[in-house]
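Pasting entry_11.cif here (mmCIF, N, CA, C and O atoms):
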```cif
data_run
#
loop_
_atom_site.label_atom_id
_atom_site.label_comp_id
_atom_site.auth_asym_id
_atom_site.auth_seq_id
_atom_site.Cartn_x
_atom_site.Cartn_y
_atom_site.Cartn_z
N MET E 85 211.63 153.73 34.05
CA MET E 85 211.96 154.69 35.08
C MET E 85 211.80 154.07 36.46
O MET E 85 212.50 154.42 37.38
N LYS E 86 210.88 153.15 36.59
CA LYS E 86 210.66 152.49 37.88
C LYS E 86 211.92 151.75 38.32
O LYS E 86 212.29 151.79 39.49
N GLY E 87 212.59 151.08 37.38
CA GLY E 87 213.82 150.36 37.71
C GLY E 87 214.93 151.31 38.16
O GLY E 87 215.68 151.01 39.08
N ALA E 88 215.02 152.46 37.51
CA ALA E 88 216.03 153.45 37.89
C ALA E 88 215.73 153.99 39.29
O ALA E 88 216.64 154.15 40.10
N ALA E 89 214.47 154.25 39.56
CA ALA E 89 214.09 154.76 40.88
C ALA E 89 214.43 153.73 41.96
O ALA E 89 214.96 154.08 43.01
N ASN E 90 214.15 152.48 41.68
CA ASN E 90 214.49 151.42 42.64
C ASN E 90 216.00 151.31 42.81
O ASN E 90 216.49 151.16 43.92
N GLY E 91 216.73 151.34 41.70
CA GLY E 91 218.18 151.21 41.75
C GLY E 91 218.85 152.34 42.51
O GLY E 91 219.86 152.14 43.19
N LEU E 92 218.29 153.54 42.39
CA LEU E 92 218.86 154.70 43.09
C LEU E 92 218.24 154.91 44.46
O LEU E 92 218.66 155.79 45.20
N GLN E 93 217.24 154.11 44.78
CA GLN E 93 216.49 154.23 46.03
C GLN E 93 215.90 155.64 46.18
O GLN E 93 216.01 156.28 47.22
N LEU E 94 215.30 156.10 45.07
CA LEU E 94 214.65 157.40 45.03
C LEU E 94 213.23 157.21 44.54
O LEU E 94 212.89 156.19 43.95
N GLY E 95 212.42 158.21 44.73
CA GLY E 95 211.07 158.19 44.20
C GLY E 95 211.05 158.55 42.72
O GLY E 95 212.03 159.09 42.18
N ARG E 96 209.93 158.27 42.09
CA ARG E 96 209.79 158.54 40.66
C ARG E 96 209.94 160.03 40.36
O ARG E 96 210.58 160.41 39.37
N SER E 97 209.39 160.89 41.20
CA SER E 97 209.49 162.32 40.95
C SER E 97 210.93 162.82 41.07
O SER E 97 211.35 163.71 40.33
N ALA E 98 211.70 162.23 41.97
CA ALA E 98 213.11 162.61 42.11
C ALA E 98 213.89 162.22 40.86
O ALA E 98 214.74 162.98 40.38
N VAL E 99 213.58 161.04 40.30
CA VAL E 99 214.25 160.62 39.06
C VAL E 99 213.83 161.54 37.92
O VAL E 99 214.67 161.93 37.10
N CYS E 100 212.58 161.93 37.88
CA CYS E 100 212.11 162.88 36.85
C CYS E 100 212.87 164.20 36.95
O CYS E 100 213.26 164.79 35.94
N ASP E 101 213.09 164.67 38.17
CA ASP E 101 213.85 165.90 38.38
C ASP E 101 215.29 165.76 37.88
O ASP E 101 215.83 166.67 37.26
N LEU E 102 215.90 164.62 38.15
CA LEU E 102 217.27 164.38 37.68
C LEU E 102 217.33 164.36 36.16
O LEU E 102 218.28 164.88 35.55
N LEU E 103 216.33 163.77 35.52
CA LEU E 103 216.27 163.75 34.06
C LEU E 103 216.07 165.16 33.52
O LEU E 103 216.72 165.57 32.56
N ARG E 104 215.16 165.91 34.12
CA ARG E 104 214.83 167.25 33.65
C ARG E 104 216.02 168.19 33.75
O ARG E 104 216.24 169.04 32.88
N THR E 105 216.82 168.05 34.80
CA THR E 105 217.98 168.93 35.00
C THR E 105 219.23 168.42 34.27
O THR E 105 220.26 169.09 34.31
N GLY E 106 219.14 167.26 33.64
CA GLY E 106 220.28 166.73 32.89
C GLY E 106 221.32 166.03 33.74
O GLY E 106 222.40 165.71 33.26
N GLN E 107 221.02 165.80 35.00
CA GLN E 107 221.97 165.12 35.87
C GLN E 107 222.02 163.63 35.61
O GLN E 107 222.99 162.96 35.96
N LEU E 108 220.95 163.11 35.00
CA LEU E 108 220.86 161.69 34.69
C LEU E 108 220.54 161.56 33.21
O LEU E 108 219.58 162.17 32.72
N ALA E 109 221.37 160.81 32.48
CA ALA E 109 221.21 160.67 31.04
C ALA E 109 220.12 159.66 30.71
O ALA E 109 219.91 158.69 31.45
N SER E 110 219.44 159.90 29.60
CA SER E 110 218.42 158.97 29.15
C SER E 110 218.24 159.11 27.65
O SER E 110 218.72 160.06 27.03
N SER E 111 217.54 158.17 27.07
CA SER E 111 217.11 158.26 25.69
C SER E 111 215.60 158.03 25.69
O SER E 111 215.03 157.57 26.67
N THR E 112 214.96 158.40 24.60
CA THR E 112 213.50 158.28 24.54
C THR E 112 213.11 157.20 23.54
O THR E 112 213.63 157.15 22.43
N LEU E 113 212.20 156.35 23.96
CA LEU E 113 211.66 155.31 23.10
C LEU E 113 210.15 155.30 23.29
O LEU E 113 209.68 155.11 24.41
N SER E 114 209.43 155.58 22.23
CA SER E 114 207.97 155.66 22.30
C SER E 114 207.51 156.66 23.35
O SER E 114 206.64 156.38 24.16
N ARG E 115 208.13 157.82 23.37
CA ARG E 115 207.80 158.93 24.27
C ARG E 115 208.09 158.63 25.74
O ARG E 115 207.74 159.42 26.61
N ALA E 116 208.68 157.51 26.05
CA ALA E 116 209.01 157.18 27.44
C ALA E 116 210.54 157.20 27.61
O ALA E 116 211.26 156.67 26.77
N PRO E 117 211.02 157.80 28.69
CA PRO E 117 212.47 157.82 28.90
C PRO E 117 213.01 156.43 29.25
O PRO E 117 212.38 155.69 30.01
N ARG E 118 214.12 156.10 28.67
CA ARG E 118 214.83 154.86 28.97
C ARG E 118 216.18 155.25 29.54
O ARG E 118 216.93 156.02 28.94
N ILE E 119 216.50 154.73 30.70
CA ILE E 119 217.74 155.08 31.38
C ILE E 119 218.66 153.88 31.35
O ILE E 119 218.38 152.87 32.00
N PRO E 120 219.75 153.95 30.57
CA PRO E 120 220.66 152.81 30.49
C PRO E 120 221.40 152.57 31.81
O PRO E 120 221.60 153.51 32.59
N ALA E 121 221.79 151.35 32.03
CA ALA E 121 222.48 150.99 33.28
C ALA E 121 223.77 151.80 33.45
O ALA E 121 224.10 152.20 34.57
N HIS E 122 224.48 152.06 32.36
CA HIS E 122 225.73 152.82 32.49
C HIS E 122 225.46 154.26 32.93
O HIS E 122 226.29 154.87 33.60
N ALA E 123 224.29 154.81 32.60
CA ALA E 123 223.94 156.16 33.05
C ALA E 123 223.74 156.18 34.56
O ALA E 123 224.14 157.14 35.23
N LEU E 124 223.13 155.12 35.10
CA LEU E 124 222.98 155.03 36.55
C LEU E 124 224.34 154.92 37.23
O LEU E 124 224.60 155.59 38.23
N ALA E 125 225.20 154.08 36.67
CA ALA E 125 226.55 153.91 37.25
C ALA E 125 227.33 155.22 37.19
O ALA E 125 228.00 155.59 38.17
N ASP E 126 227.24 155.95 36.07
CA ASP E 126 227.93 157.24 35.95
C ASP E 126 227.40 158.25 36.96
O ASP E 126 228.16 158.98 37.58
N PHE E 127 226.08 158.28 37.13
CA PHE E 127 225.48 159.21 38.09
C PHE E 127 225.96 158.90 39.50
O PHE E 127 226.36 159.81 40.24
N ILE E 128 225.95 157.64 39.88
CA ILE E 128 226.39 157.26 41.22
C ILE E 128 227.86 157.58 41.41
O ILE E 128 228.26 158.13 42.44
N ARG E 129 228.67 157.28 40.41
CA ARG E 129 230.12 157.55 40.50
C ARG E 129 230.36 159.05 40.67
O ARG E 129 231.20 159.48 41.49
N THR E 130 229.63 159.87 39.93
CA THR E 130 229.78 161.33 40.02
C THR E 130 229.37 161.82 41.40
O THR E 130 230.07 162.63 42.02
N ARG E 131 228.25 161.31 41.92
CA ARG E 131 227.78 161.74 43.25
C ARG E 131 228.76 161.34 44.33
O ARG E 131 229.03 162.10 45.25
N LEU E 132 229.31 160.13 44.24
CA LEU E 132 230.28 159.67 45.24
C LEU E 132 231.55 160.52 45.18
O LEU E 132 232.14 160.82 46.21
N GLY E 133 231.96 160.88 43.97
CA GLY E 133 233.14 161.73 43.81
C GLY E 133 232.95 163.10 44.43
O GLY E 133 233.84 163.64 45.07
N LYS E 134 231.75 163.69 44.25
CA LYS E 134 231.46 165.00 44.83
C LYS E 134 231.41 164.92 46.35
O LYS E 134 231.88 165.83 47.04
N GLU E 135 230.85 163.84 46.89
CA GLU E 135 230.78 163.70 48.34
C GLU E 135 232.16 163.48 48.95
O GLU E 135 232.44 163.96 50.03
N ALA E 136 233.02 162.75 48.23
CA ALA E 136 234.37 162.50 48.74
C ALA E 136 235.20 163.78 48.73
O ALA E 136 236.04 163.98 49.60
N ALA E 137 234.95 164.67 47.76
CA ALA E 137 235.70 165.91 47.64
C ALA E 137 235.24 166.94 48.69
O ALA E 137 235.99 167.85 49.02
N ALA E 138 234.06 166.77 49.19
CA ALA E 138 233.52 167.77 50.14
C ALA E 138 234.04 167.61 51.53
O ALA E 138 234.68 166.90 52.06
#
```

Target encoding structure tokens, full file:
Amino acid sequence: MKGAANGLQLGRSAVCDLLRTGQLASSTLSRAPRIPAHALADFIRTRLGKEAAA
């Protein structure tokens, strides 16, 4: 999760909120969330698309 927070330039709690609300996809390994690189790219692409439409 630390890598995702750094990649998104967000804090750990903000990434937790994104996971909890389903805005950011993850899988669980040993009770810890793992966020694949493609999930980060999809999230960023979706956010950029929403900002461009606004």

* To do: Counting all atoms listed in the file, figure out which residue out of E:Ala116, E:Ala123, E:Ile128, E:Ala136 gets nearest to Met85 (chain E).
  =>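 Nearest to Met85 (chain E): E:Ala116.
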
* **Atomic distance CA of Ala138 (chain E) - CA of Ala125 (chain E), expressed in Å with one decimal** =>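 Computing it gives 20.2 Å between the two atoms.
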
* Structure fact -> Among E:Arg104, E:Leu92, E:Leu113, E:Ala98, Phe127 (chain E) is approached most closely, using only C-alpha atoms, by E:Leu92

* How many Å lie between atom C of Ala89 (chain E) and atom N of Gln107 (chain E), rounded to one decimal? ->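 Distance reported for this atom pair: 15.4 Å.
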
* To do: Mind the document's chain letters and residue numbers, and return as number ranges by chain the residues of chain E that DSSP labels alpha helix (DSSP H).
  => E: 86-92, 96-104, 121-137

* Could you jot down the CA of Ser97 (chain E) to CA of Arg131 (chain E) separation for me, Å, one decimal place? => 18.4 Å

* To do: Quick one: everything within 12 Å of Pro117 (chain E), counting only C-alpha atoms, minus sequence neighbours fewer than 4 positions away in the same chain. Send it as a list in words.
  => Met85, Lys86, Gly87, Ala88, Val99, Cys100, Leu102, Leu103, Arg104, Leu108, Ala109, Ser110, Ser111, Thr112 and Leu113 of chain E

* Name the residues of chain E that fall into strand (DSSP E or B) according to DSSP on the backbone, using the chain letters and numbers of this document, as a list in words. =>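 The strand (DSSP E or B) residues within chain E come out as Ser111, Thr112, Leu113, Ala116, Pro117 and Arg118 of chain E.
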
Output as a PDB file, keeping the file's coordinate frame: region 118-129 of chain E, completed with all heavy atoms.
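Generated output (out.pdb):
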```
ATOM      1  N   ARG E 118     214.120 156.100  28.670  1.00  0.00           N
ATOM      2  CA  ARG E 118     214.830 154.860  28.970  1.00  0.00           C
ATOM      3  C   ARG E 118     216.180 155.250  29.540  1.00  0.00           C
ATOM      4  O   ARG E 118     216.930 156.020  28.940  1.00  0.00           O
ATOM      5  CB  ARG E 118     215.025 154.004  27.723  1.00  0.00           C
ATOM      6  CG  ARG E 118     213.753 153.667  26.985  1.00  0.00           C
ATOM      7  CD  ARG E 118     212.881 152.771  27.820  1.00  0.00           C
ATOM      8  NE  ARG E 118     211.662 152.448  27.070  1.00  0.00           N
ATOM      9  CZ  ARG E 118     210.528 152.125  27.620  1.00  0.00           C
ATOM     10  NH1 ARG E 118     210.426 152.067  28.912  1.00  0.00           N
ATOM     11  NH2 ARG E 118     209.478 151.858  26.896  1.00  0.00           N
ATOM     12  N   ILE E 119     216.500 154.730  30.700  1.00  0.00           N
ATOM     13  CA  ILE E 119     217.740 155.080  31.380  1.00  0.00           C
ATOM     14  C   ILE E 119     218.660 153.880  31.350  1.00  0.00           C
ATOM     15  O   ILE E 119     218.380 152.870  32.000  1.00  0.00           O
ATOM     16  CB  ILE E 119     217.456 155.520  32.828  1.00  0.00           C
ATOM     17  CG1 ILE E 119     216.447 156.673  32.828  1.00  0.00           C
ATOM     18  CG2 ILE E 119     218.742 155.916  33.526  1.00  0.00           C
ATOM     19  CD1 ILE E 119     215.849 156.962  34.170  1.00  0.00           C
ATOM     20  N   PRO E 120     219.750 153.950  30.570  1.00  0.00           N
ATOM     21  CA  PRO E 120     220.660 152.810  30.490  1.00  0.00           C
ATOM     22  C   PRO E 120     221.400 152.570  31.810  1.00  0.00           C
ATOM     23  O   PRO E 120     221.600 153.510  32.590  1.00  0.00           O
ATOM     24  CB  PRO E 120     221.631 153.190  29.373  1.00  0.00           C
ATOM     25  CG  PRO E 120     221.396 154.604  29.062  1.00  0.00           C
ATOM     26  CD  PRO E 120     220.141 155.051  29.724  1.00  0.00           C
ATOM     27  N   ALA E 121     221.790 151.350  32.030  1.00  0.00           N
ATOM     28  CA  ALA E 121     222.480 150.990  33.280  1.00  0.00           C
ATOM     29  C   ALA E 121     223.770 151.800  33.450  1.00  0.00           C
ATOM     30  O   ALA E 121     224.100 152.200  34.570  1.00  0.00           O
ATOM     31  CB  ALA E 121     222.786 149.490  33.285  1.00  0.00           C
ATOM     32  N   HIS E 122     224.480 152.060  32.360  1.00  0.00           N
ATOM     33  CA  HIS E 122     225.730 152.820  32.490  1.00  0.00           C
ATOM     34  C   HIS E 122     225.460 154.260  32.930  1.00  0.00           C
ATOM     35  O   HIS E 122     226.290 154.870  33.600  1.00  0.00           O
ATOM     36  CB  HIS E 122     226.556 152.778  31.198  1.00  0.00           C
ATOM     37  CG  HIS E 122     225.972 153.551  30.063  1.00  0.00           C
ATOM     38  ND1 HIS E 122     226.144 154.884  29.910  1.00  0.00           N
ATOM     39  CD2 HIS E 122     225.203 153.149  29.025  1.00  0.00           C
ATOM     40  CE1 HIS E 122     225.513 155.291  28.825  1.00  0.00           C
ATOM     41  NE2 HIS E 122     224.926 154.254  28.276  1.00  0.00           N
ATOM     42  N   ALA E 123     224.290 154.810  32.600  1.00  0.00           N
ATOM     43  CA  ALA E 123     223.940 156.160  33.050  1.00  0.00           C
ATOM     44  C   ALA E 123     223.740 156.180  34.560  1.00  0.00           C
ATOM     45  O   ALA E 123     224.140 157.140  35.230  1.00  0.00           O
ATOM     46  CB  ALA E 123     222.689 156.668  32.340  1.00  0.00           C
ATOM     47  N   LEU E 124     223.130 155.120  35.100  1.00  0.00           N
ATOM     48  CA  LEU E 124     222.980 155.030  36.550  1.00  0.00           C
ATOM     49  C   LEU E 124     224.340 154.920  37.230  1.00  0.00           C
ATOM     50  O   LEU E 124     224.600 155.590  38.230  1.00  0.00           O
ATOM     51  CB  LEU E 124     222.125 153.811  36.927  1.00  0.00           C
ATOM     52  CG  LEU E 124     220.662 153.865  36.524  1.00  0.00           C
ATOM     53  CD1 LEU E 124     219.982 152.546  36.876  1.00  0.00           C
ATOM     54  CD2 LEU E 124     219.960 155.024  37.166  1.00  0.00           C
ATOM     55  N   ALA E 125     225.200 154.080  36.670  1.00  0.00           N
ATOM     56  CA  ALA E 125     226.550 153.910  37.250  1.00  0.00           C
ATOM     57  C   ALA E 125     227.330 155.220  37.190  1.00  0.00           C
ATOM     58  O   ALA E 125     228.000 155.590  38.170  1.00  0.00           O
ATOM     59  CB  ALA E 125     227.295 152.807  36.507  1.00  0.00           C
ATOM     60  N   ASP E 126     227.240 155.950  36.070  1.00  0.00           N
ATOM     61  CA  ASP E 126     227.930 157.240  35.950  1.00  0.00           C
ATOM     62  C   ASP E 126     227.400 158.250  36.960  1.00  0.00           C
ATOM     63  O   ASP E 126     228.160 158.980  37.580  1.00  0.00           O
ATOM     64  CB  ASP E 126     227.765 157.810  34.541  1.00  0.00           C
ATOM     65  CG  ASP E 126     228.525 157.020  33.496  1.00  0.00           C
ATOM     66  OD1 ASP E 126     229.389 156.197  33.868  1.00  0.00           O
ATOM     67  OD2 ASP E 126     228.226 157.213  32.301  1.00  0.00           O
ATOM     68  N   PHE E 127     226.080 158.280  37.130  1.00  0.00           N
ATOM     69  CA  PHE E 127     225.480 159.210  38.090  1.00  0.00           C
ATOM     70  C   PHE E 127     225.960 158.900  39.500  1.00  0.00           C
ATOM     71  O   PHE E 127     226.360 159.810  40.240  1.00  0.00           O
ATOM     72  CB  PHE E 127     223.948 159.112  38.017  1.00  0.00           C
ATOM     73  CG  PHE E 127     223.254 159.934  39.052  1.00  0.00           C
ATOM     74  CD1 PHE E 127     223.139 161.304  38.911  1.00  0.00           C
ATOM     75  CD2 PHE E 127     222.734 159.345  40.195  1.00  0.00           C
ATOM     76  CE1 PHE E 127     222.512 162.075  39.882  1.00  0.00           C
ATOM     77  CE2 PHE E 127     222.099 160.102  41.164  1.00  0.00           C
ATOM     78  CZ  PHE E 127     221.991 161.467  41.003  1.00  0.00           C
ATOM     79  N   ILE E 128     225.950 157.640  39.880  1.00  0.00           N
ATOM     80  CA  ILE E 128     226.390 157.260  41.220  1.00  0.00           C
ATOM     81  C   ILE E 128     227.860 157.580  41.410  1.00  0.00           C
ATOM     82  O   ILE E 128     228.260 158.130  42.440  1.00  0.00           O
ATOM     83  CB  ILE E 128     226.110 155.763  41.471  1.00  0.00           C
ATOM     84  CG1 ILE E 128     224.593 155.535  41.528  1.00  0.00           C
ATOM     85  CG2 ILE E 128     226.789 155.279  42.750  1.00  0.00           C
ATOM     86  CD1 ILE E 128     224.191 154.085  41.475  1.00  0.00           C
ATOM     87  N   ARG E 129     228.670 157.280  40.410  1.00  0.00           N
ATOM     88  CA  ARG E 129     230.120 157.550  40.500  1.00  0.00           C
ATOM     89  C   ARG E 129     230.360 159.050  40.670  1.00  0.00           C
ATOM     90  O   ARG E 129     231.200 159.480  41.490  1.00  0.00           O
ATOM     91  CB  ARG E 129     230.816 157.040  39.238  1.00  0.00           C
ATOM     92  CG  ARG E 129     232.320 157.008  39.324  1.00  0.00           C
ATOM     93  CD  ARG E 129     232.967 156.376  38.083  1.00  0.00           C
ATOM     94  NE  ARG E 129     232.404 155.076  37.769  1.00  0.00           N
ATOM     95  CZ  ARG E 129     231.648 154.809  36.669  1.00  0.00           C
ATOM     96  NH1 ARG E 129     231.393 155.745  35.806  1.00  0.00           N
ATOM     97  NH2 ARG E 129     231.199 153.599  36.455  1.00  0.00           N
TER      98      ARG E 129
END
```
